[in-house]
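The structure under discussion appears below in the form of structure tokens.
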Amino acid sequence: MNNPSSIYIVDDLLEEIFLRLPLKPILQSKTLSKPWRSILESKRFVERRVSLQKSRKILAAYNCDCGRQPGLLPESRFKGDEEIVYLHSNTTTRPSMMTCDGLVCVPEQDWINVLNPWTRQLRRFCFGAWSSGYSRAMGFGSDKVTGRCKVVNMEIQSYRDHHVVECSVLDVETGEWWMMTPPSYNMFRPLSHKLSRKSVCVDGSIYWLQHVGSGFKILALDLHKEEFHNVSVPLTRVTQETQIANLENRLTLAVTYTNPEWKLDIWRKDTRWNKAYSISFAGKGVPWEIRRKGFTPVSVSKQGNLVFTDDHKRLFKYYPRKDEIRCLSSDTCVISPFFETLAPLPLKSSTLPFPHPRRTYKCRLSSNEDELGIVDLLITTLVALGMVLFSL
């Protein structure tokens with residue numbers, strides 16, 4: 001017999017309520033009810049929540065050698081009007097970090113870690129021993145057709161007259177590794193030992209920038225077909241300081257020039273390459289001593305302002321209407337734009353629990369407690385319910 005004092009809320013209304021809650025109450029709600037957990041981990045809810053995110057955040061590294069595993073610190077900070085979320089890392093793992101759809105991949109010597117910072121889920125996969133005779137290039141991305149995340153590992157052995165390339169793929173959902181056909185010699189030739197270790201994933205493909213002789217080209221891998229192909233670079237002079245990036249889900253090249261003018265050109269690829277920004281640094285307060293370093297675009301605001309970073313941990317924002325550059329921070333190790341995602345990582349035998357940063361470690365930005373209790377959760381839920389009912 002049904003309890004006359006109980007309240008039943010249909011799933012569609014529950015979903016609308018959860019969409020209006022902050023992330024922390026949502027994470028707590030997952031532990032209170034299996035039906036709620038099913039709603040919150042559904043592909044539809046995850047995609048709707050990502051599309052409704054109003055604020056854009058930036059993921060940055062918080063360097064510390066205390067030995068703890070990679071994890072999100074409980075506090076964020078604002079640099080100008082940009083909110084920075086900090087991921088605990090160390091100086092060894094930070095340069096190799098890769099991100100895709102809110103997930104972070106951290107390769108180590110013998111392990112590959114894939115984690116969802118918000119849900120605190122971490123999966124670890126055994127990685128082959130490093131060979132001193134090989135150079136390694138990696139990629140991390142999502143299959144556009146199946147939605148599965150994959151890690152790609154290419155190991156290159158260089159000889160006087162040829163290269164030997166081995167390519168393997170890890171399916172994060174199943175934990176399975178398999179070998180795949182490497183790029184052809186014509187695609188790879190002549191690498192000059194310079195396949196960029198930095199990669200980006202855009203729309204289901206992973207891209208690496210290659211230095212070929214006196215020029216550049218882009219090596220691409222379709223994650224669903226598992227086929228390599230080459231992508232041309234813009235019809236412009238690509239320099240040694242050129243950086244590859246994913247800017248607003250578009251393949252992007254940031255080309256820095258120092259002669260005859262110190263400037264930054266941002267090229268984005270749709271059906272063809274288009275110049276999105278051309279920024280002159282003369283007289284805008286950017287230190288001249290960093291002119292030999294490349295700049296990487298991070299995000300674009302709704303007003304069209306460009307956030308970008310350099311190799312010296314400086315974070316800048318360019319305002320096209322005013323033709324003005326502001327330095328937001330001189331000590332921020334930017335990793336990528338950040339998306340809050342509730343997409344679960346499958347928990348299997350290779351999965352290690354992701355420790356809560358407050359209960360296990362002392363690394364933090366400040367001492368303010370901001371955990372919501374059950375009472376706060378109920379109050380927040382009731383407020384969200386009122387907003388939904390009022391809008392009906």
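Ordering of the structure tokens sets the chain letters (A, B, ...); residue numbers start at 1 within each chain; ligands are numbered from 1 in the order shown.
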Closest contacts (region 13-32 of chain A/region 103-126 of chain A, max 12 Å, only C-alpha atoms) as JSON lines:
```
{"residue": "A:Pro22", "atom": "CA", "partner": "A:Trp118", "partner_atom": "CA", "distance": 11.8}
{"residue": "A:Leu23", "atom": "CA", "partner": "A:Trp118", "partner_atom": "CA", "distance": 8.2}
{"residue": "A:Lys24", "atom": "CA", "partner": "A:Trp118", "partner_atom": "CA", "distance": 8.6}
{"residue": "A:Pro25", "atom": "CA", "partner": "A:Thr119", "partner_atom": "CA", "distance": 11.8}
{"residue": "A:Ile26", "atom": "CA", "partner": "A:Thr119", "partner_atom": "CA", "distance": 10.0}
{"residue": "A:Leu27", "atom": "CA", "partner": "A:Thr119", "partner_atom": "CA", "distance": 7.0}
{"residue": "A:Gln28", "atom": "CA", "partner": "A:Thr119", "partner_atom": "CA", "distance": 10.2}
{"residue": "A:Lys30", "atom": "CA", "partner": "A:Thr119", "partner_atom": "CA", "distance": 10.2}
{"residue": "A:Thr31", "atom": "CA", "partner": "A:Thr119", "partner_atom": "CA", "distance": 11.6}
```
Please save N, CA and C atoms of the selected residues as a CSV table (one decimal), in the first residue's frame.
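Full text of again_27.csv as output:
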```
chain,number,residue,atom,x,y,z
A,22,PRO,N,23.1,23.4,-8.3
A,22,PRO,CA,24.6,23.4,-8.4
A,22,PRO,C,25.1,22.0,-8.4
A,23,LEU,N,26.3,21.8,-8.8
A,23,LEU,CA,26.9,20.5,-9.0
A,23,LEU,C,27.0,19.7,-7.7
A,24,LYS,N,27.4,20.4,-6.7
A,24,LYS,CA,27.7,19.6,-5.4
A,24,LYS,C,26.4,19.0,-4.9
A,25,PRO,N,25.2,19.7,-4.8
A,25,PRO,CA,24.0,19.0,-4.4
A,25,PRO,C,23.6,17.8,-5.4
A,26,ILE,N,24.0,18.0,-6.7
A,26,ILE,CA,23.7,16.9,-7.6
A,26,ILE,C,24.5,15.6,-7.2
A,27,LEU,N,25.8,15.8,-6.9
A,27,LEU,CA,26.7,14.7,-6.5
A,27,LEU,C,26.1,14.0,-5.2
A,28,GLN,N,25.6,14.8,-4.3
A,28,GLN,CA,25.1,14.3,-3.1
A,28,GLN,C,23.8,13.5,-3.4
A,30,LYS,N,23.0,11.8,-5.9
A,30,LYS,CA,23.3,10.5,-6.5
A,30,LYS,C,23.4,9.4,-5.5
A,31,THR,N,23.8,9.8,-4.2
A,31,THR,CA,24.0,8.8,-3.2
A,31,THR,C,22.7,8.5,-2.4
```
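Checking A:Pro346, A:Pro182, A:Pro70, A:Gly175 one by one against Asn153 (chain A), counting only C-alpha atoms, you find the shortest gap at A:Pro182.
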Distance in Å - CA of Lys43 (chain A) versus CA of Ala343 (chain A):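 According to the coordinates, CA of Lys43 (chain A) and CA of Ala343 (chain A) are separated by 7.4 Å.
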Option closest in space to Thr239 (chain A), from A:Asn305, A:Thr258, A:Ser89, A:Ser38 [counting only C-alpha atoms]: A:Thr258
Option closest in space to Trp288 (chain A), from A:Leu73, A:Lys317, A:Trp262, A:Phe339 [counting only C-alpha atoms]: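 Of the candidates, the smallest distance to Trp288 (chain A) is held by A:Trp262.
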Exercise: Lys198 (chain A) partners within 8 Å, only C-alpha atoms, chain neighbours under 3 positions left out, as a list in words: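 Selected residues are Ser96, Ala137, Met138, Gly139, Trp208, Leu209 and Ile244 of chain A.
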One-decimal distance in Å that lies between CA of Ile206 (chain A) and CA of Glu227 (chain A):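 We find that CA of Glu227 (chain A) and CA of Ile206 (chain A) lie 10.7 Å from each other.
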All residues 9 Å or closer to region 200-204 of chain A, only C-alpha atoms, same chain fewer than 2 positions away omitted, as a PyMOL selection string: chain A and resi 98-100+139-145+147+198+206-208+221-224+244-247+249-251
Generate a file of the selected residues that holds C-alpha atoms, formatted as a PDB file, in the first residue's frame.
```
ATOM      1  CA  MET A  98      45.310  15.797 -21.892  1.00  0.00           C
ATOM      2  CA  THR A  99      41.628  16.703 -21.598  1.00  0.00           C
ATOM      3  CA  CYS A 100      38.427  15.917 -23.486  1.00  0.00           C
ATOM      4  CA  GLY A 139      46.453  11.595 -27.762  1.00  0.00           C
ATOM      5  CA  PHE A 140      43.183  11.509 -25.828  1.00  0.00           C
ATOM      6  CA  GLY A 141      39.733  12.018 -27.276  1.00  0.00           C
ATOM      7  CA  SER A 142      36.162  10.891 -27.754  1.00  0.00           C
ATOM      8  CA  ASP A 143      34.828   8.760 -30.601  1.00  0.00           C
ATOM      9  CA  LYS A 144      32.190  10.939 -32.285  1.00  0.00           C
ATOM     10  CA  VAL A 145      30.007   7.956 -33.226  1.00  0.00           C
ATOM     11  CA  GLY A 147      30.969   8.497 -27.518  1.00  0.00           C
ATOM     12  CA  LYS A 198      50.994  18.040 -27.712  1.00  0.00           C
ATOM     13  CA  ILE A 206      43.044  13.724 -32.698  1.00  0.00           C
ATOM     14  CA  TYR A 207      45.559  16.117 -34.265  1.00  0.00           C
ATOM     15  CA  TRP A 208      49.333  16.498 -33.935  1.00  0.00           C
ATOM     16  CA  LEU A 221      43.509  10.332 -36.600  1.00  0.00           C
ATOM     17  CA  ASP A 222      39.789   9.576 -36.943  1.00  0.00           C
ATOM     18  CA  LEU A 223      39.017   7.787 -33.668  1.00  0.00           C
ATOM     19  CA  HIS A 224      36.024   5.881 -35.036  1.00  0.00           C
ATOM     20  CA  ILE A 244      47.825  23.692 -31.988  1.00  0.00           C
ATOM     21  CA  ALA A 245      44.603  23.973 -29.975  1.00  0.00           C
ATOM     22  CA  ASN A 246      40.878  23.254 -29.781  1.00  0.00           C
ATOM     23  CA  LEU A 247      39.132  26.628 -29.650  1.00  0.00           C
ATOM     24  CA  ASN A 249      35.384  22.955 -30.888  1.00  0.00           C
ATOM     25  CA  ARG A 250      37.363  24.092 -33.929  1.00  0.00           C
ATOM     26  CA  LEU A 251      40.850  22.992 -34.927  1.00  0.00           C
TER      27      LEU A 251
END
```
Filtered DSSP result for region 95-194 of chain A, state alpha helix (DSSP H), as a ChimeraX atom specification: /A:185-188
Per DSSP on the backbone, what are the strand (DSSP E) residues of region 13-139 of chain A, as a compact mmCIF listing (two decimals) with all heavy atoms, in the first residue's frame?
```txt
# COMPACT_ATOMS: atom_id res chain seq x y z
N LYS A 57 34.73 28.05 -17.38
CA LYS A 57 35.82 27.96 -16.43
C LYS A 57 37.09 27.50 -17.14
O LYS A 57 37.05 26.97 -18.25
CB LYS A 57 35.46 27.00 -15.29
CG LYS A 57 34.21 27.40 -14.51
CD LYS A 57 33.87 26.41 -13.43
CE LYS A 57 32.60 26.81 -12.70
NZ LYS A 57 32.23 25.84 -11.64
N ILE A 58 38.20 27.71 -16.47
CA ILE A 58 39.50 27.31 -17.00
C ILE A 58 40.15 26.34 -16.01
O ILE A 58 40.14 26.60 -14.80
CB ILE A 58 40.40 28.53 -17.22
CG1 ILE A 58 39.81 29.44 -18.31
CG2 ILE A 58 41.82 28.11 -17.60
CD1 ILE A 58 40.54 30.75 -18.49
N LEU A 59 40.66 25.23 -16.52
CA LEU A 59 41.35 24.25 -15.68
C LEU A 59 42.84 24.57 -15.66
O LEU A 59 43.47 24.72 -16.71
CB LEU A 59 41.13 22.84 -16.24
CG LEU A 59 41.72 21.69 -15.42
CD1 LEU A 59 41.04 21.58 -14.07
CD2 LEU A 59 41.58 20.37 -16.19
N ALA A 60 43.39 24.69 -14.46
CA ALA A 60 44.81 25.01 -14.30
C ALA A 60 45.44 24.01 -13.34
O ALA A 60 44.77 23.37 -12.53
CB ALA A 60 44.99 26.44 -13.78
N ALA A 61 46.75 23.87 -13.45
CA ALA A 61 47.49 22.93 -12.60
C ALA A 61 47.89 23.61 -11.30
O ALA A 61 48.36 24.75 -11.29
CB ALA A 61 48.73 22.42 -13.32
N TYR A 62 47.69 22.90 -10.20
CA TYR A 62 48.20 23.32 -8.89
C TYR A 62 49.38 22.40 -8.59
O TYR A 62 49.20 21.23 -8.24
CB TYR A 62 47.11 23.19 -7.83
CG TYR A 62 47.56 23.58 -6.44
CD1 TYR A 62 47.59 24.91 -6.04
CD2 TYR A 62 47.97 22.60 -5.53
CE1 TYR A 62 48.00 25.27 -4.77
CE2 TYR A 62 48.39 22.94 -4.26
CZ TYR A 62 48.40 24.27 -3.88
OH TYR A 62 48.82 24.62 -2.61
N ASN A 63 50.58 22.90 -8.78
CA ASN A 63 51.78 22.07 -8.66
C ASN A 63 52.15 21.83 -7.21
O ASN A 63 52.30 22.76 -6.42
CB ASN A 63 52.95 22.72 -9.38
CG ASN A 63 52.76 22.71 -10.88
OD1 ASN A 63 52.15 21.80 -11.42
ND2 ASN A 63 53.27 23.72 -11.55
N GLY A 71 43.83 15.39 -8.61
CA GLY A 71 42.47 15.63 -8.12
C GLY A 71 42.15 17.11 -8.09
O GLY A 71 43.03 17.97 -8.03
N LEU A 72 40.86 17.41 -8.11
CA LEU A 72 40.41 18.79 -8.12
C LEU A 72 40.46 19.36 -6.72
O LEU A 72 39.98 18.75 -5.77
CB LEU A 72 38.98 18.83 -8.66
CG LEU A 72 38.52 20.09 -9.37
CD1 LEU A 72 39.34 20.32 -10.62
CD2 LEU A 72 37.04 19.99 -9.69
N LEU A 73 41.02 20.54 -6.59
CA LEU A 73 41.01 21.22 -5.29
C LEU A 73 39.62 21.79 -5.05
O LEU A 73 38.89 22.14 -5.97
CB LEU A 73 42.05 22.34 -5.26
CG LEU A 73 43.52 21.92 -5.37
CD1 LEU A 73 44.42 23.12 -5.09
CD2 LEU A 73 43.86 20.80 -4.42
N PRO A 74 39.22 21.89 -3.77
CA PRO A 74 37.85 22.28 -3.47
C PRO A 74 37.52 23.73 -3.79
O PRO A 74 36.35 24.08 -3.90
CB PRO A 74 37.70 22.03 -1.97
CG PRO A 74 39.05 21.74 -1.45
CD PRO A 74 39.99 21.50 -2.58
N GLU A 75 38.51 24.59 -3.92
CA GLU A 75 38.24 26.01 -4.17
C GLU A 75 38.67 26.41 -5.58
O GLU A 75 39.56 25.83 -6.17
CB GLU A 75 38.99 26.91 -3.17
CG GLU A 75 38.72 26.58 -1.71
CD GLU A 75 39.66 25.50 -1.18
OE1 GLU A 75 40.60 25.15 -1.92
OE2 GLU A 75 39.43 25.01 -0.08
N SER A 76 38.00 27.43 -6.08
CA SER A 76 38.40 28.06 -7.33
C SER A 76 38.76 29.51 -7.04
O SER A 76 38.47 30.04 -5.97
CB SER A 76 37.28 27.98 -8.37
OG SER A 76 36.15 28.70 -7.93
N ARG A 77 39.39 30.16 -8.01
CA ARG A 77 39.74 31.56 -7.87
C ARG A 77 39.40 32.31 -9.15
O ARG A 77 39.36 31.71 -10.23
CB ARG A 77 41.24 31.73 -7.58
CG ARG A 77 41.63 31.42 -6.14
CD ARG A 77 43.11 31.66 -5.92
NE ARG A 77 43.48 31.44 -4.52
CZ ARG A 77 44.72 31.45 -4.06
NH1 ARG A 77 45.72 31.65 -4.90
NH2 ARG A 77 44.97 31.24 -2.78
N PHE A 78 39.18 33.59 -9.02
CA PHE A 78 38.91 34.43 -10.18
C PHE A 78 40.17 35.21 -10.53
O PHE A 78 40.80 35.83 -9.67
CB PHE A 78 37.75 35.38 -9.92
CG PHE A 78 36.41 34.74 -10.07
CD1 PHE A 78 35.82 34.07 -9.00
CD2 PHE A 78 35.75 34.76 -11.29
CE1 PHE A 78 34.58 33.47 -9.14
CE2 PHE A 78 34.51 34.16 -11.44
CZ PHE A 78 33.92 33.51 -10.37
N LYS A 79 40.53 35.16 -11.82
CA LYS A 79 41.59 36.00 -12.37
C LYS A 79 40.91 36.96 -13.33
O LYS A 79 40.51 36.58 -14.43
CB LYS A 79 42.64 35.16 -13.10
CG LYS A 79 43.27 34.06 -12.24
CD LYS A 79 44.15 34.63 -11.13
CE LYS A 79 44.86 33.50 -10.37
NZ LYS A 79 45.73 34.03 -9.30
N GLU A 82 37.61 35.71 -15.10
CA GLU A 82 37.72 34.30 -15.48
C GLU A 82 37.86 33.44 -14.22
O GLU A 82 38.72 33.69 -13.39
CB GLU A 82 38.92 34.07 -16.40
CG GLU A 82 38.86 34.84 -17.70
CD GLU A 82 37.70 34.42 -18.59
OE1 GLU A 82 37.38 33.22 -18.60
OE2 GLU A 82 37.13 35.30 -19.26
N GLU A 83 37.00 32.41 -14.10
CA GLU A 83 37.07 31.51 -12.95
C GLU A 83 38.05 30.38 -13.25
O GLU A 83 37.92 29.69 -14.26
CB GLU A 83 35.70 30.94 -12.61
CG GLU A 83 35.71 30.09 -11.33
CD GLU A 83 34.34 29.61 -10.91
OE1 GLU A 83 33.37 29.89 -11.64
OE2 GLU A 83 34.25 28.95 -9.87
N ILE A 84 39.01 30.20 -12.36
CA ILE A 84 40.04 29.17 -12.53
C ILE A 84 39.78 28.03 -11.55
O ILE A 84 39.64 28.25 -10.35
CB ILE A 84 41.46 29.74 -12.28
CG1 ILE A 84 41.66 31.07 -13.03
CG2 ILE A 84 42.52 28.73 -12.67
CD1 ILE A 84 41.63 30.95 -14.51
N VAL A 85 39.70 26.81 -12.08
CA VAL A 85 39.54 25.60 -11.28
C VAL A 85 40.88 24.88 -11.28
O VAL A 85 41.51 24.73 -12.32
CB VAL A 85 38.44 24.69 -11.88
CG1 VAL A 85 38.31 23.41 -11.06
CG2 VAL A 85 37.11 25.42 -11.92
N TYR A 86 41.33 24.43 -10.10
CA TYR A 86 42.69 23.91 -9.97
C TYR A 86 42.70 22.39 -9.81
O TYR A 86 41.96 21.82 -9.00
CB TYR A 86 43.40 24.55 -8.77
CG TYR A 86 43.70 26.01 -9.00
CD1 TYR A 86 42.78 26.99 -8.64
CD2 TYR A 86 44.89 26.41 -9.60
CE1 TYR A 86 43.05 28.33 -8.85
CE2 TYR A 86 45.17 27.75 -9.82
CZ TYR A 86 44.24 28.70 -9.45
OH TYR A 86 44.50 30.03 -9.67
N LEU A 87 43.56 21.76 -10.60
CA LEU A 87 43.76 20.32 -10.53
C LEU A 87 45.12 20.04 -9.91
O LEU A 87 46.14 20.52 -10.41
CB LEU A 87 43.69 19.71 -11.93
CG LEU A 87 43.81 18.19 -12.02
CD1 LEU A 87 42.55 17.54 -11.46
CD2 LEU A 87 44.02 17.75 -13.47
N HIS A 88 45.13 19.27 -8.84
CA HIS A 88 46.38 18.94 -8.16
C HIS A 88 47.25 18.09 -9.09
O HIS A 88 46.80 17.11 -9.67
CB HIS A 88 46.08 18.15 -6.88
CG HIS A 88 47.28 17.92 -6.03
ND1 HIS A 88 48.24 16.97 -6.33
CD2 HIS A 88 47.69 18.50 -4.88
CE1 HIS A 88 49.17 16.99 -5.41
NE2 HIS A 88 48.87 17.91 -4.51
N SER A 89 48.49 18.49 -9.26
CA SER A 89 49.41 17.75 -10.11
C SER A 89 50.82 17.98 -9.60
O SER A 89 51.04 18.67 -8.62
CB SER A 89 49.28 18.21 -11.58
OG SER A 89 49.73 19.55 -11.70
N MET A 98 46.18 15.59 -20.74
CA MET A 98 45.31 15.80 -21.89
C MET A 98 43.87 15.81 -21.39
O MET A 98 43.54 15.12 -20.43
CB MET A 98 45.51 14.68 -22.91
CG MET A 98 46.93 14.56 -23.45
SD MET A 98 47.17 13.08 -24.48
CE MET A 98 47.21 11.79 -23.22
N THR A 99 43.01 16.60 -22.03
CA THR A 99 41.63 16.70 -21.60
C THR A 99 40.69 16.52 -22.78
O THR A 99 41.04 16.80 -23.93
CB THR A 99 41.33 18.06 -20.93
OG1 THR A 99 41.54 19.11 -21.90
CG2 THR A 99 42.24 18.29 -19.74
N CYS A 100 39.47 16.05 -22.47
CA CYS A 100 38.43 15.92 -23.49
C CYS A 100 37.08 15.79 -22.79
O CYS A 100 36.91 14.91 -21.93
CB CYS A 100 38.68 14.70 -24.38
SG CYS A 100 37.43 14.47 -25.67
N LEU A 103 36.89 15.26 -19.02
CA LEU A 103 37.73 14.21 -18.45
C LEU A 103 39.20 14.58 -18.64
O LEU A 103 39.56 15.29 -19.58
CB LEU A 103 37.45 12.86 -19.11
CG LEU A 103 36.01 12.35 -19.02
CD1 LEU A 103 35.88 11.00 -19.73
CD2 LEU A 103 35.55 12.23 -17.57
N VAL A 104 40.04 14.08 -17.75
CA VAL A 104 41.47 14.38 -17.78
C VAL A 104 42.25 13.08 -17.87
O VAL A 104 41.98 12.13 -17.12
CB VAL A 104 41.91 15.17 -16.53
CG1 VAL A 104 43.40 15.50 -16.60
CG2 VAL A 104 41.09 16.45 -16.39
N CYS A 105 43.21 13.02 -18.78
CA CYS A 105 44.09 11.86 -18.92
C CYS A 105 45.49 12.27 -18.48
O CYS A 105 46.03 13.27 -18.97
CB CYS A 105 44.09 11.39 -20.38
SG CYS A 105 45.21 10.00 -20.70
N VAL A 106 46.06 11.50 -17.56
CA VAL A 106 47.38 11.81 -17.02
C VAL A 106 48.29 10.59 -17.21
O VAL A 106 48.24 9.64 -16.41
CB VAL A 106 47.32 12.18 -15.53
CG1 VAL A 106 48.69 12.66 -15.04
CG2 VAL A 106 46.26 13.24 -15.28
N PRO A 107 49.11 10.56 -18.25
CA PRO A 107 50.05 9.44 -18.42
C PRO A 107 51.19 9.53 -17.40
O PRO A 107 51.70 10.61 -17.11
CB PRO A 107 50.58 9.64 -19.85
CG PRO A 107 49.65 10.61 -20.49
CD PRO A 107 49.14 11.47 -19.39
N TRP A 111 51.67 3.85 -15.84
CA TRP A 111 50.22 3.87 -15.74
C TRP A 111 49.64 5.01 -16.57
O TRP A 111 50.29 6.02 -16.79
CB TRP A 111 49.76 4.05 -14.29
CG TRP A 111 50.12 2.92 -13.39
CD1 TRP A 111 51.27 2.78 -12.65
CD2 TRP A 111 49.34 1.76 -13.13
NE1 TRP A 111 51.25 1.60 -11.96
CE2 TRP A 111 50.07 0.96 -12.22
CE3 TRP A 111 48.09 1.31 -13.56
CZ2 TRP A 111 49.59 -0.27 -11.74
CZ3 TRP A 111 47.61 0.10 -13.09
CH2 TRP A 111 48.36 -0.66 -12.19
N ILE A 112 48.40 4.80 -16.98
CA ILE A 112 47.61 5.89 -17.55
C ILE A 112 46.42 6.12 -16.64
O ILE A 112 45.64 5.19 -16.37
CB ILE A 112 47.14 5.56 -18.98
CG1 ILE A 112 48.33 5.59 -19.93
CG2 ILE A 112 46.07 6.54 -19.45
CD1 ILE A 112 47.97 5.28 -21.36
N ASN A 113 46.28 7.33 -16.13
CA ASN A 113 45.16 7.68 -15.28
C ASN A 113 44.14 8.47 -16.08
O ASN A 113 44.48 9.42 -16.77
CB ASN A 113 45.64 8.56 -14.10
CG ASN A 113 46.73 7.89 -13.29
OD1 ASN A 113 46.56 6.78 -12.81
ND2 ASN A 113 47.86 8.56 -13.16
N VAL A 114 42.88 8.07 -15.99
CA VAL A 114 41.78 8.83 -16.57
C VAL A 114 40.81 9.15 -15.45
O VAL A 114 40.35 8.25 -14.74
CB VAL A 114 41.07 8.04 -17.69
CG1 VAL A 114 39.90 8.84 -18.24
CG2 VAL A 114 42.04 7.69 -18.81
N LEU A 115 40.52 10.43 -15.27
CA LEU A 115 39.68 10.81 -14.15
C LEU A 115 38.63 11.84 -14.53
O LEU A 115 38.82 12.61 -15.47
CB LEU A 115 40.53 11.34 -12.99
CG LEU A 115 41.33 12.62 -13.22
CD1 LEU A 115 40.60 13.81 -12.61
CD2 LEU A 115 42.72 12.52 -12.62
N ASN A 116 37.53 11.76 -13.82
CA ASN A 116 36.50 12.80 -13.89
C ASN A 116 36.64 13.62 -12.62
O ASN A 116 36.29 13.15 -11.53
CB ASN A 116 35.11 12.19 -13.98
CG ASN A 116 34.03 13.24 -14.14
OD1 ASN A 116 34.15 14.37 -13.66
ND2 ASN A 116 32.95 12.88 -14.81
N GLN A 121 35.96 10.15 -9.80
CA GLN A 121 36.23 8.79 -10.26
C GLN A 121 37.56 8.76 -10.99
O GLN A 121 37.86 9.63 -11.80
CB GLN A 121 35.12 8.31 -11.20
CG GLN A 121 33.81 8.01 -10.50
CD GLN A 121 32.77 7.53 -11.49
OE1 GLN A 121 32.43 8.22 -12.44
NE2 GLN A 121 32.28 6.32 -11.30
N LEU A 122 38.34 7.73 -10.70
CA LEU A 122 39.65 7.56 -11.32
C LEU A 122 39.80 6.12 -11.79
O LEU A 122 39.53 5.18 -11.05
CB LEU A 122 40.75 7.89 -10.31
CG LEU A 122 42.19 7.52 -10.71
CD1 LEU A 122 42.65 8.38 -11.87
CD2 LEU A 122 43.12 7.67 -9.52
N ARG A 123 40.24 5.96 -13.03
CA ARG A 123 40.58 4.64 -13.54
C ARG A 123 42.05 4.63 -13.90
O ARG A 123 42.58 5.59 -14.49
CB ARG A 123 39.75 4.29 -14.77
CG ARG A 123 38.29 3.97 -14.46
CD ARG A 123 37.69 3.07 -15.51
NE ARG A 123 38.33 1.76 -15.53
CZ ARG A 123 38.08 0.83 -16.44
NH1 ARG A 123 37.26 1.08 -17.44
NH2 ARG A 123 38.69 -0.33 -16.39
N ARG A 124 42.71 3.54 -13.57
CA ARG A 124 44.14 3.40 -13.87
C ARG A 124 44.33 2.19 -14.77
O ARG A 124 43.75 1.13 -14.55
CB ARG A 124 44.97 3.22 -12.59
CG ARG A 124 44.85 4.37 -11.61
CD ARG A 124 45.93 4.29 -10.55
NE ARG A 124 47.20 4.74 -11.08
CZ ARG A 124 48.38 4.49 -10.52
NH1 ARG A 124 48.44 3.74 -9.44
NH2 ARG A 124 49.48 4.95 -11.04
N PHE A 125 45.17 2.38 -15.78
CA PHE A 125 45.43 1.32 -16.75
C PHE A 125 46.93 1.09 -16.83
O PHE A 125 47.71 2.04 -16.91
CB PHE A 125 44.90 1.72 -18.13
CG PHE A 125 43.44 2.07 -18.15
CD1 PHE A 125 43.03 3.39 -17.97
CD2 PHE A 125 42.48 1.10 -18.32
CE1 PHE A 125 41.69 3.73 -17.98
CE2 PHE A 125 41.14 1.43 -18.33
CZ PHE A 125 40.74 2.74 -18.15
N CYS A 126 47.30 -0.18 -16.81
CA CYS A 126 48.71 -0.54 -16.90
C CYS A 126 49.26 -0.10 -18.25
O CYS A 126 48.64 -0.28 -19.29
CB CYS A 126 48.87 -2.05 -16.72
SG CYS A 126 50.59 -2.58 -16.65
N SER A 135 60.82 7.55 -28.99
CA SER A 135 60.10 8.77 -28.62
C SER A 135 58.61 8.45 -28.65
O SER A 135 58.18 7.54 -29.36
CB SER A 135 60.44 9.91 -29.58
OG SER A 135 60.09 9.56 -30.91
N ARG A 136 57.85 9.19 -27.89
CA ARG A 136 56.44 8.85 -27.71
C ARG A 136 55.57 10.06 -27.94
O ARG A 136 55.88 11.16 -27.50
CB ARG A 136 56.23 8.29 -26.30
CG ARG A 136 54.77 8.02 -25.94
CD ARG A 136 54.68 7.33 -24.58
NE ARG A 136 55.07 5.93 -24.68
CZ ARG A 136 55.24 5.14 -23.62
NH1 ARG A 136 55.12 5.64 -22.40
NH2 ARG A 136 55.58 3.88 -23.78
N ALA A 137 54.46 9.86 -28.66
CA ALA A 137 53.44 10.88 -28.83
C ALA A 137 52.10 10.26 -28.47
O ALA A 137 51.81 9.13 -28.86
CB ALA A 137 53.43 11.40 -30.26
N MET A 138 51.28 11.00 -27.73
CA MET A 138 50.01 10.45 -27.25
C MET A 138 48.86 11.38 -27.59
O MET A 138 49.04 12.56 -27.89
CB MET A 138 50.07 10.21 -25.74
CG MET A 138 51.18 9.28 -25.31
SD MET A 138 51.04 8.75 -23.59
CE MET A 138 49.58 7.69 -23.70
N GLY A 139 47.66 10.82 -27.54
CA GLY A 139 46.45 11.60 -27.76
C GLY A 139 45.32 11.05 -26.92
O GLY A 139 45.32 9.87 -26.52
```
Exercise: region 276-282 of chain A partners within 12 Å, only C-alpha atoms, chain neighbours under 4 positions left out, as a ChimeraX atom specification: /A:247-248,250-270,286-288,290-291,295,297,300,304-308,316-326
Interatomic distance (Å, one decimal) between CA of Thr174 (chain A) and CA of Leu345 (chain A):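 Value for the CA of Thr174 (chain A)-CA of Leu345 (chain A) distance: 10.2 Å.
Considering the residues A:Thr341, A:Thr236, A:Ser329, A:Ser199 and counting only C-alpha atoms, Ser42 (chain A) has its shortest atom-to-atom contact with A:Thr341.
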